[in-house]
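Here is the file target-v4.txt (compact mmCIF, C-alpha atoms).
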```txt
# COMPACT_ATOMS: atom_id res chain seq x y z
CA MET A 1 -15.03 -5.85 -3.28
CA VAL A 2 -15.73 -8.57 -0.83
CA SER A 3 -18.23 -7.52 1.81
CA LYS A 4 -18.60 -9.18 5.19
CA THR A 5 -21.78 -11.06 4.25
CA GLU A 6 -20.10 -12.42 1.12
CA GLU A 7 -17.08 -13.51 3.14
CA ASP A 8 -19.34 -15.29 5.66
CA GLN A 9 -21.20 -16.95 2.80
CA LEU A 10 -17.91 -18.08 1.27
CA ILE A 11 -16.67 -19.56 4.56
CA ARG A 12 -19.99 -21.31 5.13
CA LEU A 13 -20.02 -22.84 1.63
CA GLU A 14 -16.38 -23.87 2.01
CA ASN A 15 -17.10 -25.69 5.26
CA GLN A 16 -20.13 -27.29 3.70
CA VAL A 17 -18.22 -28.60 0.70
CA GLU A 18 -15.24 -29.63 2.82
CA ASN A 19 -17.46 -31.82 5.00
CA GLY A 20 -19.03 -33.48 2.01
CA GLY A 21 -22.30 -31.58 1.97
CA GLY A 22 -22.44 -30.77 -1.73
CA GLY A 23 -22.73 -27.21 -3.06
CA ALA A 24 -19.39 -27.26 -4.86
CA TRP A 25 -20.89 -25.56 -7.91
CA GLU A 26 -22.26 -22.63 -5.83
CA TYR A 27 -18.88 -22.30 -4.13
CA LEU A 28 -17.07 -22.14 -7.47
CA CYS A 29 -19.58 -19.59 -8.79
CA LEU A 30 -19.09 -17.41 -5.72
CA VAL A 31 -15.30 -17.58 -6.06
CA ARG A 32 -15.61 -16.59 -9.72
CA LYS A 33 -17.95 -13.71 -8.91
CA LEU A 34 -15.73 -12.34 -6.12
CA LYS A 35 -12.60 -12.87 -8.23
CA LEU A 36 -10.66 -14.53 -5.45
CA ARG A 37 -7.49 -16.51 -5.92
CA LEU A 38 -8.20 -19.74 -4.02
CA SER A 39 -6.54 -21.98 -6.56
CA ASP A 40 -6.02 -25.11 -4.48
CA LYS A 41 -9.69 -25.30 -3.40
CA VAL A 42 -11.00 -24.39 -6.85
CA PHE A 43 -8.79 -27.03 -8.41
CA LYS A 44 -9.77 -29.71 -5.90
CA TYR A 45 -13.53 -29.24 -6.18
CA GLY A 46 -13.55 -28.33 -9.86
CA PHE A 47 -11.47 -31.34 -10.79
CA ALA A 48 -13.80 -33.61 -8.81
CA LEU A 49 -16.82 -32.04 -10.50
CA LEU A 50 -15.43 -32.27 -14.01
CA SER A 51 -14.09 -35.82 -13.68
CA ASP A 52 -17.57 -37.09 -12.87
CA PRO A 53 -19.45 -37.28 -16.21
CA LYS A 54 -22.86 -37.27 -14.48
CA LYS A 55 -22.22 -34.03 -12.63
CA ARG A 56 -20.56 -32.55 -15.71
CA SER A 57 -23.61 -33.06 -17.88
CA ALA A 58 -25.80 -31.63 -15.12
CA LEU A 59 -24.00 -28.31 -15.54
CA GLY A 60 -25.12 -27.77 -19.12
CA PRO A 61 -23.53 -24.87 -21.00
CA GLU A 62 -21.85 -23.61 -17.83
CA GLU A 63 -19.27 -26.39 -17.94
CA TRP A 64 -17.07 -24.45 -20.38
CA THR A 65 -16.64 -21.52 -17.96
CA LEU A 66 -15.87 -24.09 -15.31
CA TYR A 67 -13.23 -25.66 -17.58
CA GLU A 68 -11.60 -22.26 -18.00
CA GLN A 69 -11.70 -21.51 -14.27
CA VAL A 70 -10.26 -24.90 -13.27
CA ALA A 71 -7.61 -24.72 -16.02
CA ILE A 72 -6.29 -21.45 -14.60
CA ALA A 73 -6.42 -22.85 -11.05
CA ALA A 74 -4.54 -25.95 -12.23
CA MET A 75 -1.82 -23.76 -13.72
CA ASP A 76 -1.56 -21.91 -10.43
CA CYS A 77 -1.14 -25.20 -8.55
CA GLN A 78 1.41 -26.40 -11.11
CA HIS A 79 -0.74 -29.25 -12.41
CA LEU A 80 0.17 -28.30 -15.96
CA ASP A 81 -0.87 -31.59 -17.55
CA VAL A 82 -4.42 -31.24 -16.23
CA ALA A 83 -4.50 -27.68 -17.54
CA LYS A 84 -3.29 -28.82 -20.95
CA GLU A 85 -5.99 -31.49 -21.06
CA TYR A 86 -8.77 -29.00 -20.25
CA ILE A 87 -7.48 -26.49 -22.79
CA LYS A 88 -7.55 -29.23 -25.43
CA VAL A 89 -11.19 -29.95 -24.52
CA LEU A 90 -12.02 -26.25 -24.85
CA GLN A 91 -10.18 -26.06 -28.17
CA GLY A 92 -12.21 -28.98 -29.45
CA LYS A 93 -15.43 -27.15 -28.65
CA PHE A 94 -14.48 -23.58 -29.58
CA ARG A 95 -12.12 -23.59 -32.53
CA GLU A 96 -10.38 -20.35 -33.49
CA SER A 97 -11.42 -18.71 -30.26
CA LYS A 98 -9.43 -15.75 -28.93
CA ARG A 99 -10.21 -16.72 -25.36
CA VAL A 100 -8.85 -20.23 -25.79
CA GLY A 101 -5.79 -18.85 -27.60
CA ARG A 102 -5.21 -16.62 -24.59
CA LEU A 103 -5.44 -19.63 -22.27
CA GLU A 104 -2.84 -21.44 -24.37
CA ALA A 105 -0.49 -18.48 -24.13
CA ILE A 106 -1.01 -18.37 -20.35
CA LEU A 107 -0.11 -22.07 -20.24
CA LEU A 108 3.14 -21.31 -22.08
CA GLU A 109 3.79 -18.61 -19.51
CA ALA A 110 3.16 -21.04 -16.66
CA LYS A 111 5.60 -23.50 -18.21
CA GLY A 112 8.23 -20.77 -18.23
CA ARG A 113 8.61 -20.52 -22.02
CA TRP A 114 8.66 -16.74 -22.08
CA ALA A 115 9.73 -16.18 -25.68
CA GLU A 116 7.00 -18.43 -27.08
CA ALA A 117 4.39 -16.81 -24.87
CA GLU A 118 5.54 -13.38 -26.03
CA LYS A 119 5.18 -14.49 -29.67
CA ALA A 120 1.71 -15.87 -28.98
CA TYR A 121 0.61 -12.62 -27.33
CA SER A 122 1.95 -10.49 -30.20
CA SER A 123 0.09 -12.59 -32.75
CA LEU A 124 -3.11 -12.33 -30.70
CA LEU A 125 -2.62 -8.58 -30.48
CA GLU A 126 -2.31 -8.28 -34.25
CA ASP A 127 -5.92 -9.40 -34.60
CA ASN A 128 -7.21 -7.08 -31.92
CA GLN A 129 -4.92 -4.24 -30.99
CA PHE A 130 -6.92 -3.10 -27.98
CA ASP A 131 -7.34 -6.31 -26.08
CA GLN A 132 -6.95 -5.27 -22.45
CA VAL A 133 -6.30 -8.70 -20.99
CA ILE A 134 -3.39 -9.43 -23.34
CA HIS A 135 -1.69 -6.14 -22.47
CA LYS A 136 -2.04 -7.01 -18.81
CA ARG A 137 -0.63 -10.50 -19.38
CA ARG A 138 2.44 -8.92 -20.98
CA VAL A 139 2.93 -6.82 -17.85
CA ALA A 140 2.49 -9.95 -15.69
CA MET A 141 5.10 -11.76 -17.79
CA ALA A 142 7.62 -8.96 -17.29
CA LYS A 143 6.89 -9.07 -13.57
CA ALA A 144 7.31 -12.86 -13.44
CA GLN A 145 10.68 -12.63 -15.14
CA GLY A 146 11.81 -10.23 -12.43
CA ASN A 147 11.99 -7.29 -14.83
CA LEU A 148 10.06 -4.83 -12.66
CA SER A 149 11.17 -1.70 -14.51
CA GLY A 150 10.04 -3.28 -17.78
CA ALA A 151 6.73 -4.13 -16.16
CA ILE A 152 6.37 -0.50 -15.03
CA GLU A 153 7.07 0.69 -18.58
CA TRP A 154 4.47 -1.64 -20.12
CA LEU A 155 1.96 -0.73 -17.42
CA ASN A 156 2.47 2.99 -17.95
CA LYS A 157 1.92 2.56 -21.70
CA TYR A 158 -1.23 0.54 -20.97
CA LEU A 159 -2.54 3.16 -18.58
CA GLU A 160 -2.03 5.94 -21.14
CA ILE A 161 -4.65 4.22 -23.28
CA PHE A 162 -6.93 2.72 -20.62
CA MET A 163 -6.86 5.30 -17.86
CA ALA A 164 -9.95 4.05 -16.08
CA ASP A 165 -8.69 0.57 -15.25
CA HIS A 166 -8.43 0.65 -11.49
CA ASP A 167 -6.93 -2.83 -11.22
CA ALA A 168 -3.99 -1.67 -13.29
CA TRP A 169 -3.52 1.42 -11.13
CA ARG A 170 -3.53 -0.81 -8.06
CA GLU A 171 -0.97 -3.13 -9.62
CA LEU A 172 1.26 -0.19 -10.55
CA ALA A 173 1.03 1.17 -7.00
CA GLU A 174 2.03 -2.21 -5.57
CA ILE A 175 5.00 -2.50 -7.93
CA TYR A 176 6.15 1.00 -6.97
CA VAL A 177 5.87 0.16 -3.27
CA SER A 178 7.91 -3.00 -3.78
CA LEU A 179 10.59 -0.84 -5.43
CA GLN A 180 10.29 1.74 -2.61
CA MET A 181 9.28 4.53 -5.04
CA TYR A 182 6.72 5.85 -2.59
CA LYS A 183 5.95 9.20 -4.23
CA GLN A 184 4.88 7.48 -7.45
CA ALA A 185 2.92 4.93 -5.45
CA ALA A 186 1.13 7.77 -3.66
CA PHE A 187 0.17 9.22 -7.07
CA CYS A 188 -1.30 5.89 -8.17
CA TYR A 189 -3.28 5.56 -4.96
CA GLU A 190 -4.59 9.12 -5.44
CA GLU A 191 -5.91 8.07 -8.86
CA LEU A 192 -7.61 5.09 -7.24
CA LEU A 193 -9.15 7.27 -4.54
CA LEU A 194 -10.50 9.67 -7.16
CA SER A 195 -12.31 6.94 -9.03
CA HIS A 196 -13.45 4.82 -6.06
CA PRO A 197 -13.69 7.03 -2.97
CA THR A 198 -15.97 4.69 -1.06
CA ILE A 199 -13.63 1.71 -0.77
CA PRO A 200 -11.91 1.96 2.62
CA LEU A 201 -8.98 -0.29 1.70
CA TYR A 202 -7.70 2.23 -0.84
CA HIS A 203 -7.74 4.93 1.85
CA LEU A 204 -5.84 2.53 4.10
CA SER A 205 -3.11 1.80 1.54
CA TYR A 206 -2.74 5.50 0.74
CA ALA A 207 -2.43 6.30 4.43
CA ASP A 208 0.22 3.57 4.78
CA VAL A 209 2.28 5.05 1.96
CA LEU A 210 1.96 8.57 3.40
CA TYR A 211 3.02 7.31 6.83
CA THR A 212 6.03 5.61 5.26
CA LEU A 213 7.04 8.81 3.46
CA GLY A 214 7.07 10.64 6.79
CA GLY A 215 7.27 14.38 7.45
CA VAL A 216 4.75 16.49 9.31
CA GLU A 217 2.29 17.23 6.47
CA ASN A 218 2.32 13.62 5.28
CA LEU A 219 1.66 12.39 8.80
CA HIS A 220 -1.28 14.79 9.18
CA ALA A 221 -2.69 13.61 5.86
CA ALA A 222 -2.09 9.96 6.81
CA LYS A 223 -4.04 10.51 10.04
CA LYS A 224 -6.96 11.94 8.03
CA TYR A 225 -7.03 8.94 5.70
CA TYR A 226 -6.79 6.44 8.56
CA ALA A 227 -9.76 8.25 10.11
CA ALA A 228 -11.62 8.00 6.79
CA THR A 229 -10.95 4.26 6.73
CA ILE A 230 -12.30 3.87 10.25
CA ASP A 231 -15.38 5.82 9.20
CA LEU A 232 -16.01 3.70 6.14
CA THR A 233 -15.57 0.37 7.91
CA GLY A 234 -17.59 1.23 11.00
CA GLY A 235 -14.53 1.03 13.26
CA LYS A 236 -13.82 -2.64 12.63
CA ASN A 237 -10.53 -2.21 10.81
CA ASN A 238 -7.76 -2.80 13.38
CA ARG A 239 -5.00 -1.69 11.03
CA ALA A 240 -6.47 1.78 10.69
CA LEU A 241 -6.85 2.07 14.47
CA PHE A 242 -3.19 1.14 14.90
CA GLY A 243 -2.32 3.63 12.17
CA ILE A 244 -3.92 6.47 14.09
CA CYS A 245 -1.99 5.61 17.27
CA LEU A 246 1.31 5.40 15.38
CA CYS A 247 0.70 8.63 13.46
CA ALA A 248 -0.19 10.49 16.62
CA SER A 249 2.93 9.32 18.43
CA ALA A 250 5.18 10.05 15.41
CA LEU A 251 3.66 13.53 15.10
CA ALA A 252 4.17 14.18 18.79
CA GLN A 253 7.82 13.15 18.42
CA LEU A 254 8.37 15.43 15.43
CA THR A 255 6.62 18.47 16.89
CA ARG A 256 8.13 18.10 20.34
CA GLY A 257 8.84 21.53 21.79
CA ARG A 258 6.48 23.41 19.45
CA ASN A 259 3.27 24.93 20.78
CA LYS A 260 0.92 22.29 22.05
CA ASP A 261 -2.23 22.49 19.93
CA ASP A 262 -2.66 18.75 19.98
CA LYS A 263 -5.78 18.44 22.09
CA GLU A 264 -7.69 16.62 19.35
CA ASN A 265 -4.51 14.71 18.58
CA SER A 266 -4.36 13.00 21.95
CA GLU A 267 -8.14 12.60 22.09
CA LEU A 268 -8.15 10.75 18.77
CA GLN A 269 -5.25 8.59 19.91
CA SER A 270 -6.91 7.64 23.21
CA LEU A 271 -10.20 6.88 21.45
CA SER A 272 -8.57 4.55 18.95
CA ALA A 273 -6.49 2.90 21.70
CA GLU A 274 -9.73 2.23 23.55
CA ALA A 275 -11.39 0.79 20.46
CA LEU A 276 -8.37 -1.43 19.84
CA GLU A 277 -8.44 -2.81 23.37
CA LYS A 278 -12.14 -3.55 23.06
CA ALA A 279 -11.63 -5.36 19.76
CA TYR A 280 -8.72 -7.38 21.12
CA LYS A 281 -10.68 -8.38 24.24
CA GLN A 282 -13.37 -9.71 21.98
CA GLN A 283 -11.27 -11.49 19.41
CA SER A 284 -8.03 -12.61 21.06
CA PRO A 285 -8.07 -12.06 24.82
CA THR A 286 -4.68 -13.69 25.27
CA ASN A 287 -2.95 -10.81 23.48
CA VAL A 288 -4.55 -7.97 25.40
CA SER A 289 -1.51 -7.57 27.68
CA VAL A 290 0.87 -7.40 24.69
CA LEU A 291 -1.38 -4.76 23.13
CA SER A 292 -1.55 -2.64 26.30
CA SER A 293 2.21 -2.64 26.76
CA ALA A 294 2.73 -1.68 23.10
CA LEU A 295 0.22 1.18 23.34
CA ARG A 296 1.78 2.39 26.57
CA SER A 297 5.26 2.48 25.01
CA LEU A 298 3.83 4.53 22.12
CA LYS A 299 2.39 7.10 24.47
CA VAL A 300 5.48 7.22 26.64
CA SER A 301 7.81 7.91 23.74
CA SER A 302 5.57 10.78 22.52
CA MET B 1 -46.70 -13.60 3.82
CA GLY B 2 -50.24 -14.77 3.08
CA LEU B 3 -51.38 -12.89 6.15
CA GLY B 4 -49.64 -9.76 4.94
CA TYR B 5 -51.35 -9.98 1.57
CA ALA B 6 -54.74 -10.58 3.22
CA VAL B 7 -54.29 -7.61 5.53
CA GLY B 8 -53.29 -5.47 2.57
CA VAL B 9 -56.37 -6.48 0.62
CA VAL B 10 -58.57 -5.78 3.66
CA GLY B 11 -56.97 -2.35 4.11
CA PHE B 12 -57.54 -1.51 0.44
CA LEU B 13 -61.17 -2.60 0.69
CA ILE B 14 -61.65 -0.45 3.79
CA LEU B 15 -60.23 2.57 1.95
CA ALA B 16 -62.46 1.90 -1.07
CA HIS B 17 -65.49 1.61 1.21
CA ALA B 18 -64.54 4.90 2.90
CA ALA B 19 -64.29 6.59 -0.52
CA TYR B 20 -67.71 5.22 -1.54
CA SER B 21 -69.24 6.38 1.74
CA THR B 22 -67.84 9.87 1.23
CA ILE B 23 -69.29 10.04 -2.27
CA GLN B 24 -72.69 8.86 -0.97
CA TYR B 25 -72.51 11.44 1.83
CA ARG B 26 -71.79 14.22 -0.67
CA SER B 27 -74.70 13.22 -2.89
CA LEU B 28 -76.91 13.15 0.20
CA LEU B 29 -75.76 16.68 1.07
CA LYS B 30 -76.48 17.82 -2.47
CA ILE B 31 -80.05 16.58 -2.07
CA THR B 32 -80.45 18.49 1.20
CA GLU B 33 -78.42 21.45 -0.26
CA GLU B 34 -75.93 21.70 2.60
CA GLU B 35 -72.22 22.55 2.50
CA PHE B 36 -69.76 19.71 2.29
CA THR B 37 -67.37 20.52 5.11
CA GLY B 38 -65.82 17.13 5.49
CA PRO B 39 -66.61 13.46 5.68
CA PRO B 40 -68.45 12.25 8.81
CA ILE B 41 -66.46 11.02 11.80
CA THR B 42 -67.11 7.35 11.06
CA VAL B 43 -65.53 7.72 7.63
CA VAL B 44 -62.47 9.43 9.16
CA VAL B 45 -62.01 6.57 11.64
CA GLU B 46 -62.42 4.10 8.78
CA LEU B 47 -59.77 5.99 6.79
CA ILE B 48 -57.26 5.84 9.66
CA ALA B 49 -57.91 2.12 10.14
CA GLY B 50 -57.43 1.49 6.41
CA LEU B 51 -54.21 3.51 6.50
CA PHE B 52 -52.75 1.40 9.30
CA PHE B 53 -53.74 -1.88 7.64
CA CYS B 54 -52.13 -0.85 4.35
CA LEU B 55 -48.98 0.41 6.11
CA TRP B 56 -48.57 -2.84 8.01
CA ALA B 57 -49.03 -4.88 4.85
CA ALA B 58 -46.56 -2.72 2.89
CA LEU B 59 -43.89 -3.26 5.54
CA THR B 60 -44.37 -7.00 6.03
CA VAL B 61 -45.00 -8.30 2.50
CA PRO B 62 -41.66 -7.38 0.81
CA GLY B 63 -39.67 -9.39 3.38
CA LYS B 64 -36.46 -8.59 5.23
CA PHE B 65 -35.07 -5.11 4.63
CA LEU B 66 -31.41 -4.94 3.57
CA SER B 67 -29.07 -2.49 5.26
CA ILE B 68 -27.90 0.38 3.08
CA LEU B 69 -25.11 1.94 5.12
CA PRO B 70 -21.73 1.05 3.59
CA GLN B 71 -20.17 0.83 7.03
CA SER B 72 -22.77 -1.44 8.58
CA ASP B 73 -21.60 -4.79 9.77
CA GLU B 74 -22.90 -6.67 6.73
CA ASN B 75 -21.89 -4.26 4.04
CA ARG B 76 -18.38 -3.26 5.07
CA VAL B 77 -15.64 -4.10 2.60
CA VAL B 78 -13.41 -6.77 4.07
CA ALA B 79 -11.09 -7.59 1.19
CA LEU B 80 -10.31 -6.50 -2.33
CA PRO B 81 -10.51 -8.98 -5.22
CA SER B 82 -7.06 -10.39 -5.95
CA ASN B 83 -5.81 -8.98 -9.24
CA LEU B 84 -6.37 -12.04 -11.38
CA ASP B 85 -5.40 -10.33 -14.63
CA PHE B 86 -1.86 -9.86 -13.35
CA MET B 87 -1.52 -13.27 -11.76
CA ILE B 88 1.91 -14.82 -12.17
CA PHE B 89 2.65 -18.52 -11.95
CA ASN B 90 6.29 -18.12 -11.06
CA HIS B 91 5.77 -18.40 -7.31
CA ARG B 92 7.02 -20.61 -4.49
CA GLY B 93 4.04 -22.93 -4.95
CA LYS B 94 6.07 -24.67 -7.63
CA VAL B 95 8.18 -26.55 -5.11
CA PHE B 96 5.28 -27.79 -3.00
CA PRO B 97 4.42 -31.47 -3.39
CA MET B 98 1.58 -32.37 -5.73
CA GLY B 99 -1.92 -32.39 -4.26
CA ILE B 100 -3.52 -35.56 -3.01
CA ASP B 101 -6.14 -35.62 -5.75
CA MET B 102 -3.64 -36.90 -8.28
CA LYS B 103 -4.61 -40.34 -6.98
CA GLN B 104 -7.99 -39.89 -8.63
CA MET B 105 -6.45 -39.50 -12.08
```
As structure tokens - that is how I would like this structure written.
Amino acid sequence: MVSKTEEDQLIRLENQVENGGGGAWEYLCLVRKLKLRLSDKVFKYGFALLSDPKKRSALGPEEWTLYEQVAIAAMDCQHLDVAKEYIKVLQGKFRESKRVGRLEAILLEAKGRWAEAEKAYSSLLEDNQFDQVIHKRRVAMAKAQGNLSGAIEWLNKYLEIFMADHDAWRELAEIYVSLQMYKQAAFCYEELLLSHPTIPLYHLSYADVLYTLGGVENLHAAKKYYAATIDLTGGKNNRALFGICLCASALAQLTRGRNKDDKENSELQSLSAEALEKAYKQQSPTNVSVLSSALRSLKVSS
Amino acid sequence: MGLGYAVGVVGFLILAHAAYSTIQYRSLLKITEEEFTGPPITVVVELIAGLFFCLWAALTVPGKFLSILPQSDENRVVALPSNLDFMIFNHRGKVFPMGIDMKQM
């Protein structure tokens, strides 16, 4: 989870390296620790670091992790020859290594040779049947080939064995949402919320899915989860504030004509509208008029 | 931080001196066979002074306190890590032109 201080640190280091101030190694370490996918930057700075033999020897034993990180970034940027070169270097140092074998199979995947990659993964799995990363790569391969239902099948089988892997649950939820199977996606997000109840972004995604499903109970629940997100982020999450306004107006539309017990409903909506206007004034004052007209139309239609 | 350490040491010495004075006072009372109701006023003042010195040192020496609330402005979660285990390479980035650093090769 990337906190605000870590994000600020990342941006500061990025600006520093971009303007030639050194610190590329700290930047790459931070990206690796936060598990971010910034492949073009990682490739640019990592390639520069590794091509310079002086800087490379200054790294010591850490250069092999850097080789792995830059190889994956190179594959993401489609510089497959560079990736192949680095993998050969790693193979020369670590013969018969599972990790390097996995990298080779990922390279085959990046080249688009699905059948060979599948064979490589199966042979790697024969040695170690419970290798989590290889199972996940198989799911990714099915996803890359466009076979989303196959990916769901593999992922379900994986989750039967490794039920605590929250990344996999998140991936499954995202695949379900892309296929518009919202009830199943809601189930996956519930699993995520059970295991990590303090991460506000999971509450936000769950509230989004509930809002999409619609219906009075789902909208009430969605409003509660948006409120939880606002609580956990100290009110700085604009999407959750918008969510509350939309939920309140949708609820008002659905329950039009029933008895009006929506005092806290409208109070919550006006509070979040206020908070949104304050945030917009601070961050993008040119859009404040657009925001006010949008909020007004929400209230009018309710 | 040197000042904090020095103040802490001074506070500790003051407390130790107060303890020694109290023990001396008690032995004096034993000689004169009186009841020990409490340390004399000077020792109490010394104790309070020592307390404040030690408190100040304990708060300044460790350095800046980190915030513990998960919703404070520094600690709030801004983004989730991108799921690198499920990363696919079959994306639109394939058709973008090669980066400029190929000139270095």
Exercise for the section: Tell me, in Å to one decimal, how far atom CA of A:Asp8 is from atom CA of A:Val42. Expected result: 17.6 Å
Give me the residues of chain B that have any atom at most 8 Å from an atom of chain A; for each, the nearest atom pair and the distance in Å, rounded to one decimal. Use all atoms listed in the file, sort by chain and number, and format it as a tab-separated table.
```
residue	atom	partner	partner_atom	distance
B:Pro70	CA	A:Leu232	CA	6.8
B:Gln71	CA	A:Thr233	CA	4.7
B:Ser72	CA	A:Gly234	CA	6.3
B:Asp73	CA	A:Lys4	CA	7.0
B:Glu74	CA	A:Thr5	CA	5.2
B:Asn75	CA	A:Ser3	CA	5.4
B:Arg76	CA	A:Ser3	CA	5.4
B:Val77	CA	A:Ser3	CA	4.4
B:Val78	CA	A:Ser3	CA	5.4
B:Ala79	CA	A:Val2	CA	5.2
B:Leu80	CA	A:Met1	CA	4.9
B:Pro81	CA	A:Lys35	CA	5.3
B:Ser82	CA	A:Leu36	CA	5.5
B:Asn83	CA	A:Asp167	CA	6.6
B:Leu84	CA	A:Lys35	CA	7.0
B:Asp85	CA	A:Lys136	CA	6.3
B:Phe86	CA	A:Ala140	CA	4.9
B:Met87	CA	A:Ala140	CA	6.5
B:Ile88	CA	A:Ala144	CA	5.9
B:Phe89	CA	A:Ala110	CA	5.4
B:Asn90	CA	A:Ala144	CA	5.9
B:Gly93	CA	A:Cys77	CA	6.7
B:Lys94	CA	A:Gln78	CA	6.1
B:Met98	CA	A:His79	CA	7.7
B:Asp101	CA	A:Lys44	CA	6.9
```
Handout entry: Exercise: B:Arg26 partners within 9 Å, all atoms listed in the file, chain neighbours under 5 positions left out, as a list in words
Key = Ser21, Ile31, Glu35, Phe36 and Pro39 of chain B
Keeping only C-alpha atoms, write those residues as a PDB file, in the frame of the given file.
```pdb
ATOM      1  CA  SER B  21     -69.240   6.380   1.740  1.00  0.00           C
ATOM      2  CA  ILE B  31     -80.050  16.580  -2.070  1.00  0.00           C
ATOM      3  CA  GLU B  35     -72.220  22.550   2.500  1.00  0.00           C
ATOM      4  CA  PHE B  36     -69.760  19.710   2.290  1.00  0.00           C
ATOM      5  CA  PRO B  39     -66.610  13.460   5.680  1.00  0.00           C
TER       6      PRO B  39
END
```
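Note that the spacing between atom CA of A:Leu49 and atom CA of A:Leu66 amounts to 9.3 Å.
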Practice task
Give me the residues within 10 Å of A:Ile87 as a PyMOL selection string, counting only C-alpha atoms and dropping any in the same chain fewer than 3 places off.
Solution key: chain A and resi 67-68+71-72+81-84+90-93+100-101+103-104+107
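Atom CA of A:His196 lies 22.6 Å from atom CA of B:Leu66.
Non-sequential neighbours of A:Asn265 (distance at most 10 Å, separation of 4 or more positions within a chain, only C-alpha atoms) are His220, Lys223, Ile244, Cys245, Cys247, Ala248, Ser249, Leu251, Ala252, Lys260, Asp261, Gln269 and Ser270 of chain A.
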Problem - Long-range neighbours of B:Ala16 as number ranges by chain, 10 Å cut-off, only C-alpha atoms, 5 positions minimum in chain - result: B: 10-11, 21-22, 47, 50
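Using only C-alpha atoms, the nearest neighbour of B:Ile14 within the list B:Val44, B:Ala49, B:Leu59, B:Leu28 is B:Ala49.
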